[in-house]
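Enquirer: Below is the file final36.cif, with mmCIF, C-alpha atoms, pLDDT in the B column; chains and numbers go by the auth columns.
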```
data_work
loop_
_atom_site.group_PDB
_atom_site.id
_atom_site.type_symbol
_atom_site.label_atom_id
_atom_site.label_comp_id
_atom_site.label_asym_id
_atom_site.label_seq_id
_atom_site.Cartn_x
_atom_site.Cartn_y
_atom_site.Cartn_z
_atom_site.B_iso_or_equiv
_atom_site.auth_seq_id
_atom_site.auth_asym_id
ATOM 1 C CA MET A 1 -21.788 89.769 61.517 97.00 5 A
ATOM 2 C CA ILE A 2 -23.702 93.002 61.510 98.00 6 A
ATOM 3 C CA ALA A 3 -27.359 93.764 60.864 98.00 7 A
ATOM 4 C CA LEU A 4 -28.816 97.246 60.736 98.00 8 A
ATOM 5 C CA LEU A 5 -32.554 96.758 60.945 98.00 9 A
ATOM 6 C CA GLN A 6 -35.265 99.281 60.241 98.00 10 A
ATOM 7 C CA ARG A 7 -38.936 98.771 60.966 98.00 11 A
ATOM 8 C CA VAL A 8 -40.777 99.640 57.766 98.00 12 A
ATOM 9 C CA LEU A 9 -44.266 99.980 56.360 98.00 13 A
ATOM 10 C CA GLU A 10 -42.818 98.913 53.001 98.00 14 A
ATOM 11 C CA ALA A 11 -39.422 98.517 51.361 98.00 15 A
ATOM 12 C CA LYS A 12 -37.991 97.445 48.031 98.00 16 A
ATOM 13 C CA VAL A 13 -34.702 96.948 46.228 98.00 17 A
ATOM 14 C CA THR A 14 -34.255 97.615 42.532 98.00 18 A
ATOM 15 C CA VAL A 15 -31.326 96.763 40.278 98.00 19 A
ATOM 16 C CA GLU A 16 -31.158 98.358 36.815 97.00 20 A
ATOM 17 C CA GLY A 17 -34.827 99.340 37.056 96.00 21 A
ATOM 18 C CA GLU A 18 -36.022 95.844 38.052 98.00 22 A
ATOM 19 C CA THR A 19 -37.480 95.184 41.505 98.00 23 A
ATOM 20 C CA VAL A 20 -35.512 92.248 42.923 98.00 24 A
ATOM 21 C CA GLY A 21 -37.044 92.243 46.414 98.00 25 A
ATOM 22 C CA ALA A 22 -40.009 93.948 48.074 98.00 26 A
ATOM 23 C CA ILE A 23 -41.990 93.659 51.306 98.00 27 A
ATOM 24 C CA GLY A 24 -44.886 95.340 53.039 98.00 28 A
ATOM 25 C CA LYS A 25 -44.835 95.875 56.796 98.00 29 A
ATOM 26 C CA GLY A 26 -41.801 94.290 58.416 98.00 30 A
ATOM 27 C CA LEU A 27 -38.041 94.757 58.652 98.00 31 A
ATOM 28 C CA MET A 28 -35.563 95.989 56.059 98.00 32 A
ATOM 29 C CA VAL A 29 -32.184 94.677 57.193 98.00 33 A
ATOM 30 C CA LEU A 30 -28.762 95.672 55.908 98.00 34 A
ATOM 31 C CA VAL A 31 -26.479 92.650 56.443 98.00 35 A
ATOM 32 C CA CYS A 32 -22.683 92.574 56.553 97.00 36 A
ATOM 33 C CA ALA A 33 -20.186 89.791 57.100 97.00 37 A
ATOM 34 C CA GLU A 34 -16.926 90.742 58.755 96.00 38 A
ATOM 35 C CA ARG A 35 -13.543 89.028 58.578 94.00 39 A
ATOM 36 C CA ASN A 36 -13.452 85.841 60.657 94.00 40 A
ATOM 37 C CA ASP A 37 -17.253 85.496 60.665 96.00 41 A
ATOM 38 C CA SER A 38 -18.648 82.020 60.076 96.00 42 A
ATOM 39 C CA GLU A 39 -21.957 80.209 59.974 97.00 43 A
ATOM 40 C CA ARG A 40 -21.930 80.364 63.786 97.00 44 A
ATOM 41 C CA GLU A 41 -22.163 84.166 63.770 97.00 45 A
ATOM 42 C CA ALA A 42 -24.716 84.102 60.940 98.00 46 A
ATOM 43 C CA ASP A 43 -26.973 81.690 62.849 98.00 47 A
ATOM 44 C CA ALA A 44 -26.644 83.679 66.084 98.00 48 A
ATOM 45 C CA LEU A 45 -27.427 86.953 64.312 98.00 49 A
ATOM 46 C CA LEU A 46 -30.434 85.460 62.542 98.00 50 A
ATOM 47 C CA ALA A 47 -31.811 84.030 65.801 98.00 51 A
ATOM 48 C CA LYS A 48 -31.498 87.436 67.445 98.00 52 A
ATOM 49 C CA LEU A 49 -32.986 89.245 64.445 98.00 53 A
ATOM 50 C CA LEU A 50 -36.023 86.972 64.183 98.00 54 A
ATOM 51 C CA SER A 51 -36.783 87.258 67.891 98.00 55 A
ATOM 52 C CA TYR A 52 -35.926 90.959 68.329 98.00 56 A
ATOM 53 C CA ARG A 53 -39.023 92.711 69.672 98.00 57 A
ATOM 54 C CA VAL A 54 -39.527 95.944 67.738 98.00 58 A
ATOM 55 C CA PHE A 55 -43.256 95.814 66.937 98.00 59 A
ATOM 56 C CA ALA A 56 -45.955 97.094 69.269 97.00 60 A
ATOM 57 C CA ASP A 57 -48.231 94.822 71.252 97.00 61 A
ATOM 58 C CA ASP A 58 -51.813 95.755 72.181 96.00 62 A
ATOM 59 C CA ALA A 59 -50.486 98.032 74.943 97.00 63 A
ATOM 60 C CA GLY A 60 -48.220 99.898 72.514 95.00 64 A
ATOM 61 C CA LYS A 61 -44.971 98.437 73.895 97.00 65 A
ATOM 62 C CA MET A 62 -42.292 96.938 71.662 97.00 66 A
ATOM 63 C CA ASN A 63 -43.000 93.325 72.606 97.00 67 A
ATOM 64 C CA ARG A 64 -43.529 91.594 69.263 98.00 68 A
ATOM 65 C CA SER A 65 -40.976 90.258 66.776 98.00 69 A
ATOM 66 C CA VAL A 66 -41.170 90.064 62.990 98.00 70 A
ATOM 67 C CA VAL A 67 -42.069 86.388 63.443 98.00 71 A
ATOM 68 C CA ASP A 68 -44.860 87.260 65.899 98.00 72 A
ATOM 69 C CA THR A 69 -46.332 89.781 63.448 97.00 73 A
ATOM 70 C CA GLN A 70 -45.674 87.617 60.370 97.00 74 A
ATOM 71 C CA GLY A 71 -44.037 90.678 58.809 98.00 75 A
ATOM 72 C CA GLY A 72 -41.816 90.746 55.779 98.00 76 A
ATOM 73 C CA LEU A 73 -38.038 90.538 55.958 98.00 77 A
ATOM 74 C CA LEU A 74 -35.993 92.266 53.268 98.00 78 A
ATOM 75 C CA LEU A 75 -32.298 91.352 53.548 98.00 79 A
ATOM 76 C CA VAL A 76 -29.877 93.650 51.733 98.00 80 A
ATOM 77 C CA PRO A 77 -26.143 92.899 51.516 98.00 81 A
ATOM 78 C CA GLN A 78 -24.170 95.946 52.698 96.00 82 A
ATOM 79 C CA PHE A 79 -20.412 95.472 53.186 94.00 83 A
ATOM 80 C CA THR A 80 -19.911 99.154 54.067 94.00 84 A
ATOM 81 C CA LEU A 81 -21.378 98.524 57.534 95.00 85 A
ATOM 82 C CA ALA A 82 -17.994 97.060 58.481 93.00 86 A
ATOM 83 C CA ALA A 83 -16.134 100.243 57.538 92.00 87 A
ATOM 84 C CA ASP A 84 -13.432 101.492 59.870 91.00 88 A
ATOM 85 C CA THR A 85 -14.112 105.221 60.207 92.00 89 A
ATOM 86 C CA GLN A 86 -11.801 105.953 63.153 91.00 90 A
ATOM 87 C CA SER A 87 -9.173 107.926 61.269 89.00 91 A
ATOM 88 C CA GLY A 88 -9.056 110.242 58.307 91.00 92 A
ATOM 89 C CA THR A 89 -11.930 111.137 56.028 94.00 93 A
ATOM 90 C CA ARG A 90 -12.067 108.020 53.885 93.00 94 A
ATOM 91 C CA PRO A 91 -13.427 104.740 55.269 93.00 95 A
ATOM 92 C CA SER A 92 -11.350 101.586 55.287 92.00 96 A
ATOM 93 C CA PHE A 93 -13.132 98.361 54.424 93.00 97 A
ATOM 94 C CA THR A 94 -10.456 96.074 55.860 91.00 98 A
ATOM 95 C CA PRO A 95 -12.845 94.792 58.592 92.00 99 A
ATOM 96 C CA ALA A 96 -15.307 93.474 55.973 94.00 100 A
ATOM 97 C CA ALA A 97 -15.156 89.870 54.821 95.00 101 A
ATOM 98 C CA ALA A 98 -13.579 89.277 51.412 95.00 102 A
ATOM 99 C CA ALA A 99 -16.189 89.457 48.626 95.00 103 A
ATOM 100 C CA ASP A 100 -16.430 85.673 48.035 96.00 104 A
ATOM 101 C CA GLU A 101 -16.766 84.953 51.749 97.00 105 A
ATOM 102 C CA GLY A 102 -19.216 87.835 52.205 97.00 106 A
ATOM 103 C CA ARG A 103 -21.399 86.467 49.400 97.00 107 A
ATOM 104 C CA ARG A 104 -21.230 82.933 50.816 98.00 108 A
ATOM 105 C CA LEU A 105 -22.255 84.095 54.305 98.00 109 A
ATOM 106 C CA PHE A 106 -25.003 86.382 52.985 98.00 110 A
ATOM 107 C CA ASP A 107 -26.427 83.512 50.916 98.00 111 A
ATOM 108 C CA PHE A 108 -26.194 81.210 53.946 98.00 112 A
ATOM 109 C CA PHE A 109 -27.934 83.824 56.129 98.00 113 A
ATOM 110 C CA ALA A 110 -30.717 84.370 53.571 98.00 114 A
ATOM 111 C CA GLY A 111 -31.220 80.625 53.086 98.00 115 A
ATOM 112 C CA ARG A 112 -31.518 80.046 56.820 98.00 116 A
ATOM 113 C CA ALA A 113 -33.915 82.993 57.088 98.00 117 A
ATOM 114 C CA ARG A 114 -36.132 81.490 54.365 98.00 118 A
ATOM 115 C CA ALA A 115 -36.167 78.165 56.222 98.00 119 A
ATOM 116 C CA LYS A 116 -37.344 79.859 59.440 97.00 120 A
ATOM 117 C CA HIS A 117 -39.611 82.680 58.242 97.00 121 A
ATOM 118 C CA SER A 118 -42.416 82.756 55.703 94.00 122 A
ATOM 119 C CA CYS A 119 -41.722 86.082 53.942 97.00 123 A
ATOM 120 C CA VAL A 120 -38.078 86.723 53.052 98.00 124 A
ATOM 121 C CA GLU A 121 -36.871 88.813 50.124 98.00 125 A
ATOM 122 C CA THR A 122 -33.319 89.908 49.307 98.00 126 A
ATOM 123 C CA GLY A 123 -31.282 92.425 47.457 98.00 127 A
ATOM 124 C CA ARG A 124 -28.575 91.266 45.060 97.00 128 A
ATOM 125 C CA PHE A 125 -25.036 90.786 46.345 96.00 129 A
ATOM 126 C CA GLY A 126 -22.460 92.859 44.460 95.00 130 A
ATOM 127 C CA ALA A 127 -25.035 94.815 42.456 96.00 131 A
ATOM 128 C CA HIS A 128 -25.535 98.568 42.443 97.00 132 A
ATOM 129 C CA MET A 129 -28.887 98.622 44.257 98.00 133 A
ATOM 130 C CA GLN A 130 -31.440 101.313 44.917 98.00 134 A
ATOM 131 C CA VAL A 131 -33.184 100.747 48.237 98.00 135 A
ATOM 132 C CA SER A 132 -36.372 102.592 49.065 98.00 136 A
ATOM 133 C CA LEU A 133 -38.381 102.307 52.224 98.00 137 A
ATOM 134 C CA THR A 134 -40.983 103.951 54.362 98.00 138 A
ATOM 135 C CA ASN A 135 -39.481 103.853 57.831 97.00 139 A
ATOM 136 C CA ASP A 136 -42.019 103.209 60.593 97.00 140 A
ATOM 137 C CA GLY A 137 -41.218 105.277 63.669 95.00 141 A
ATOM 138 C CA PRO A 138 -38.400 105.623 62.739 95.00 142 A
ATOM 139 C CA VAL A 139 -37.203 102.511 64.528 97.00 143 A
ATOM 140 C CA THR A 140 -33.626 101.482 63.738 97.00 144 A
ATOM 141 C CA PHE A 141 -31.305 99.093 65.598 97.00 145 A
ATOM 142 C CA TRP A 142 -27.735 97.888 65.136 97.00 146 A
ATOM 143 C CA LEU A 143 -27.174 94.199 65.940 97.00 147 A
ATOM 144 C CA GLN A 144 -23.712 92.665 65.911 96.00 148 A
ATOM 145 C CA ILE A 145 -22.407 89.199 66.687 96.00 149 A
ATOM 146 C CA LYS A 146 -18.629 89.023 66.944 92.00 150 A
ATOM 147 C CA PRO A 147 -16.639 85.841 66.445 86.00 151 A
ATOM 148 C CA PRO A 148 -14.870 84.433 69.506 83.00 152 A
ATOM 149 C CA ALA A 149 -11.544 86.077 70.240 75.00 153 A
ATOM 150 C CA VAL A 150 -8.594 84.194 68.814 64.00 154 A
ATOM 151 C CA SER A 151 -5.792 83.644 71.327 59.00 155 A
#
```
Let's see the structure in the file written out as structure tokens.
Expert:
Amino acid sequence: MIALLQRVLEAKVTVEGETVGAIGKGLMVLVCAERNDSEREADALLAKLLSYRVFADDAGKMNRSVVDTQGGLLLVPQFTLAADTQSGTRPSFTPAAAADEGRRLFDFFAGRARAKHSCVETGRFGAHMQVSLTNDGPVTFWLQIKPPAVS
């Protein structure tokens, strides 16, 4: 699974003019399930995401996580993160999980996040979303947990 996280002062997702998720200071995270991902990868990615230290401590060093700061977490499904862009000028989405499996894993990921963190909002899987944010830094990181190699 893939997560592209951005430290934000605020972020929101709207669908057809309606705000479906919004946070103040925290992390806006684009989330993508890839083929062969399972709950194992989702749990590992969530554990890393919740403990990833991207917020400043009193000395100004990135030593605090979103949990430490009690920041918001806005999870946005984004299958295009799995795009294969190695050849040609049009991306291939073959590496992404099939839509039903992607939705199932995103819902699982969001549910687990809500069970472990106090402020979790989400975008809407499969919808045409508008995402707006005020990036803080900017601070952006790519996290990826790959399934075990199949022999």
Enquirer: Residues within 12 Å of Glu43 in chain A, please, as a list in words. Count all atoms listed in the file; anything in the same chain fewer than 2 positions from it doesn't count.
Expert: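 Selected residues are Met5, Ala37, Glu38, Asn40, Asp41, Glu45, Ala46, Asp47, Ala48, Leu49, Leu50, Glu105, Gly106, Arg108, Leu109, Phe110, Asp111, Phe112, Phe113, Ala114, Gly115, Arg116, Ile149, Lys150 and Pro151 of chain A.
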Enquirer: Using only C-alpha atoms, determine which residues lie at most 6 Å from Leu34 in chain A, disregarding the query and same-chain residues fewer than 3 positions distant; provide the list as a PyMOL selection string.
Expert: chain A and resi 7-8+80-82
Enquirer: Give me, please, the distance in Å between CA of Glu20 in chain A and CA of Leu79 in chain A, quoted to one decimal.
Expert: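 Distance reported for this atom pair: 18.2 Å.
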Enquirer: Can you give me, as a PyMOL selection string, the residues this file yields under the PyMOL selection byres ((chain A and resi 12-14) around 12)?
Expert: chain A and resi 9-11+15-17+25-33+58-59+70+75-78+135-144
Enquirer: Point out the residue among A:Ala100, A:Val35, A:Cys123, A:Leu53 with the least atom-to-atom distance to Gln74 in chain A, counting all atoms listed in the file.
Expert: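 With all atoms listed in the file as the atom set, the closest residue is A:Cys123.
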Enquirer: What does the structure give for the distance between CA of Ser55 in chain A and CA of Gln148 in chain A, in Å to one decimal?
Expert: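 Those two atoms sit 14.3 Å apart.
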Enquirer: Ranking A:Lys120, A:Gln90, A:Phe83, A:Phe97 by minimum distance to Ala51 in chain A and counting all atoms listed in the file, which one comes first?
Expert: A:Lys120
Enquirer: Decode the PyMOL selection byres ((chain A and resi 128-131) around 8) for the given file into explicit residues and return them as a PyMOL selection string.
Expert: chain A and resi 19+24+80-81+107+110+126-127+132-133
Enquirer: Between CA of Thr23 in chain A and CA of Thr73 in chain A, what is the spacing in Å?
Expert: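 CA of Thr23 in chain A lies 24.3 Å from CA of Thr73 in chain A.
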Enquirer: When distances are computed from only C-alpha atoms, which of A:Ala101, A:Ser42, A:Ala86, A:Ala60 shows the smallest separation from Ile6 in chain A?
Expert: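 The closest residue to Ile6 in chain A is A:Ala86.
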Enquirer: For Thr18 in chain A, which residue out of A:Cys36, A:Gly64, A:Gln134, A:Ala102 is the nearest one, using all atoms listed in the file?
Expert: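 That would be A:Gln134, the residue with the smallest distance to Thr18 in chain A.
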Enquirer: From the set A:Arg44, A:Ala153, A:Leu85, A:Glu22, which residue has the shortest atom-to-atom contact distance to Thr98 in chain A, counting all atoms listed in the file?
Expert: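 For Thr98 in chain A, the nearest of the candidates is A:Leu85.
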Enquirer: Under the rule that all atoms listed in the file are counted, which of A:Thr89, A:Glu125, A:Arg57, A:Arg94 is the nearest residue to Val71 in chain A?
Expert: A:Arg57
Enquirer: If the box runs along x, y and z of the file and leaves 8 Å on each side of range 46-60 of chain A, what are its centre and edge lengths in Å, one decimal, as JSON?
Expert:
```
{"center_x": -35.3, "center_y": 89.4, "center_z": 65.3, "size_x": 37.2, "size_y": 31.4, "size_z": 24.7}
```
Enquirer: Export range 17-126 of chain A, C-alpha atoms, as an mmCIF file, in the first residue's frame; it's the structure right above.
Expert:
```
data_model
loop_
_atom_site.group_PDB
_atom_site.id
_atom_site.type_symbol
_atom_site.label_atom_id
_atom_site.label_comp_id
_atom_site.auth_asym_id
_atom_site.auth_seq_id
_atom_site.Cartn_x
_atom_site.Cartn_y
_atom_site.Cartn_z
ATOM 1 C CA VAL A 17 -12.422 17.249 0.510
ATOM 2 C CA THR A 18 -15.594 18.236 -1.296
ATOM 3 C CA VAL A 19 -17.824 16.148 -3.544
ATOM 4 C CA GLU A 20 -20.463 17.918 -5.657
ATOM 5 C CA GLY A 21 -20.105 21.055 -3.532
ATOM 6 C CA GLU A 22 -20.509 19.221 -0.198
ATOM 7 C CA THR A 23 -17.620 18.985 2.269
ATOM 8 C CA VAL A 24 -17.240 15.283 3.075
ATOM 9 C CA GLY A 25 -14.084 15.544 5.199
ATOM 10 C CA ALA A 26 -12.102 18.382 6.770
ATOM 11 C CA ILE A 27 -9.317 18.811 9.321
ATOM 12 C CA GLY A 28 -7.272 21.570 10.879
ATOM 13 C CA LYS A 29 -3.579 21.062 11.591
ATOM 14 C CA GLY A 30 -2.459 17.523 10.839
ATOM 15 C CA LEU A 31 -1.846 15.222 7.882
ATOM 16 C CA MET A 32 -3.667 14.964 4.566
ATOM 17 C CA VAL A 33 -2.881 11.489 3.254
ATOM 18 C CA LEU A 34 -3.513 10.127 -0.225
ATOM 19 C CA VAL A 35 -3.967 6.348 0.153
ATOM 20 C CA CYS A 36 -3.664 3.674 -2.527
ATOM 21 C CA ALA A 37 -4.008 -0.089 -2.451
ATOM 22 C CA GLU A 38 -1.929 -2.030 -4.936
ATOM 23 C CA ARG A 39 -2.508 -5.493 -6.379
ATOM 24 C CA ASN A 40 -1.715 -8.234 -3.860
ATOM 25 C CA ASP A 41 -2.061 -5.876 -0.879
ATOM 26 C CA SER A 42 -3.945 -7.202 2.132
ATOM 27 C CA GLU A 43 -4.891 -6.173 5.636
ATOM 28 C CA ARG A 44 -1.285 -6.940 6.618
ATOM 29 C CA GLU A 45 0.055 -4.138 4.414
ATOM 30 C CA ALA A 46 -2.755 -1.801 5.495
ATOM 31 C CA ASP A 47 -1.982 -2.360 9.189
ATOM 32 C CA ALA A 48 1.765 -1.931 8.642
ATOM 33 C CA LEU A 49 1.249 1.275 6.660
ATOM 34 C CA LEU A 50 -1.118 2.693 9.267
ATOM 35 C CA ALA A 51 1.318 1.911 12.098
ATOM 36 C CA LYS A 52 4.094 3.692 10.222
ATOM 37 C CA LEU A 53 1.864 6.638 9.312
ATOM 38 C CA LEU A 54 0.619 7.196 12.861
ATOM 39 C CA SER A 55 4.128 7.083 14.303
ATOM 40 C CA TYR A 56 5.921 8.967 11.500
ATOM 41 C CA ARG A 57 7.617 11.999 13.047
ATOM 42 C CA VAL A 58 6.951 15.023 10.841
ATOM 43 C CA PHE A 59 5.935 17.663 13.403
ATOM 44 C CA ALA A 60 8.405 19.873 15.239
ATOM 45 C CA ASP A 61 9.295 19.408 18.881
ATOM 46 C CA ASP A 62 10.281 22.296 21.171
ATOM 47 C CA ALA A 63 13.753 22.350 19.584
ATOM 48 C CA GLY A 64 12.300 22.640 16.073
ATOM 49 C CA LYS A 65 13.254 19.094 15.020
ATOM 50 C CA MET A 66 10.796 16.722 13.363
ATOM 51 C CA ASN A 67 10.330 14.487 16.401
ATOM 52 C CA ARG A 68 6.563 14.398 16.901
ATOM 53 C CA SER A 69 3.919 12.284 15.161
ATOM 54 C CA VAL A 70 0.314 13.131 14.332
ATOM 55 C CA VAL A 71 -0.643 11.092 17.407
ATOM 56 C CA ASP A 72 1.790 13.056 19.601
ATOM 57 C CA THR A 73 0.328 16.362 18.394
ATOM 58 C CA GLN A 74 -3.277 15.102 18.377
ATOM 59 C CA GLY A 75 -3.530 16.457 14.829
ATOM 60 C CA GLY A 76 -6.192 15.665 12.299
ATOM 61 C CA LEU A 77 -5.874 12.897 9.734
ATOM 62 C CA LEU A 78 -7.632 13.302 6.395
ATOM 63 C CA LEU A 79 -7.479 10.077 4.359
ATOM 64 C CA VAL A 80 -8.196 10.424 0.643
ATOM 65 C CA PRO A 81 -8.444 7.397 -1.665
ATOM 66 C CA GLN A 82 -6.127 7.898 -4.658
ATOM 67 C CA PHE A 83 -5.617 4.889 -6.955
ATOM 68 C CA THR A 84 -3.441 6.904 -9.360
ATOM 69 C CA LEU A 85 -0.528 6.691 -6.901
ATOM 70 C CA ALA A 86 0.029 3.147 -8.177
ATOM 71 C CA ALA A 87 0.409 4.297 -11.785
ATOM 72 C CA ASP A 88 3.192 2.792 -13.855
ATOM 73 C CA THR A 89 4.809 5.770 -15.588
ATOM 74 C CA GLN A 90 7.954 4.035 -16.875
ATOM 75 C CA SER A 91 7.069 4.030 -20.558
ATOM 76 C CA GLY A 92 5.153 6.223 -22.940
ATOM 77 C CA THR A 93 3.182 9.322 -22.066
ATOM 78 C CA ARG A 94 0.055 7.733 -20.641
ATOM 79 C CA PRO A 95 0.080 6.076 -17.209
ATOM 80 C CA SER A 96 -0.915 2.462 -16.748
ATOM 81 C CA PHE A 97 -2.987 1.636 -13.692
ATOM 82 C CA THR A 98 -2.314 -2.104 -13.798
ATOM 83 C CA PRO A 99 -0.376 -1.973 -10.475
ATOM 84 C CA ALA A 100 -3.437 -0.616 -8.618
ATOM 85 C CA ALA A 101 -5.799 -2.963 -6.814
ATOM 86 C CA ALA A 102 -9.091 -3.687 -8.573
ATOM 87 C CA ALA A 103 -11.777 -1.151 -7.590
ATOM 88 C CA ASP A 104 -13.704 -3.480 -5.227
ATOM 89 C CA GLU A 105 -10.527 -4.584 -3.464
ATOM 90 C CA GLY A 106 -9.211 -1.010 -3.348
ATOM 91 C CA ARG A 107 -12.447 0.163 -1.716
ATOM 92 C CA ARG A 108 -12.391 -2.723 0.771
ATOM 93 C CA LEU A 109 -8.786 -1.999 1.798
ATOM 94 C CA PHE A 110 -9.356 1.764 1.991
ATOM 95 C CA ASP A 111 -12.402 1.211 4.219
ATOM 96 C CA PHE A 112 -10.397 -1.227 6.357
ATOM 97 C CA PHE A 113 -7.527 1.288 6.622
ATOM 98 C CA ALA A 114 -9.879 4.144 7.567
ATOM 99 C CA GLY A 115 -11.710 1.998 10.127
ATOM 100 C CA ARG A 116 -8.460 0.962 11.781
ATOM 101 C CA ALA A 117 -7.292 4.587 11.764
ATOM 102 C CA ARG A 118 -10.502 5.671 13.528
ATOM 103 C CA ALA A 119 -9.973 2.970 16.161
ATOM 104 C CA LYS A 120 -6.439 4.228 16.888
ATOM 105 C CA HIS A 121 -6.673 8.005 16.433
ATOM 106 C CA SER A 122 -9.178 10.547 17.693
ATOM 107 C CA CYS A 123 -9.577 12.777 14.608
ATOM 108 C CA VAL A 124 -9.956 10.929 11.303
ATOM 109 C CA GLU A 125 -11.855 12.211 8.279
ATOM 110 C CA THR A 126 -12.009 10.726 4.779
#
```
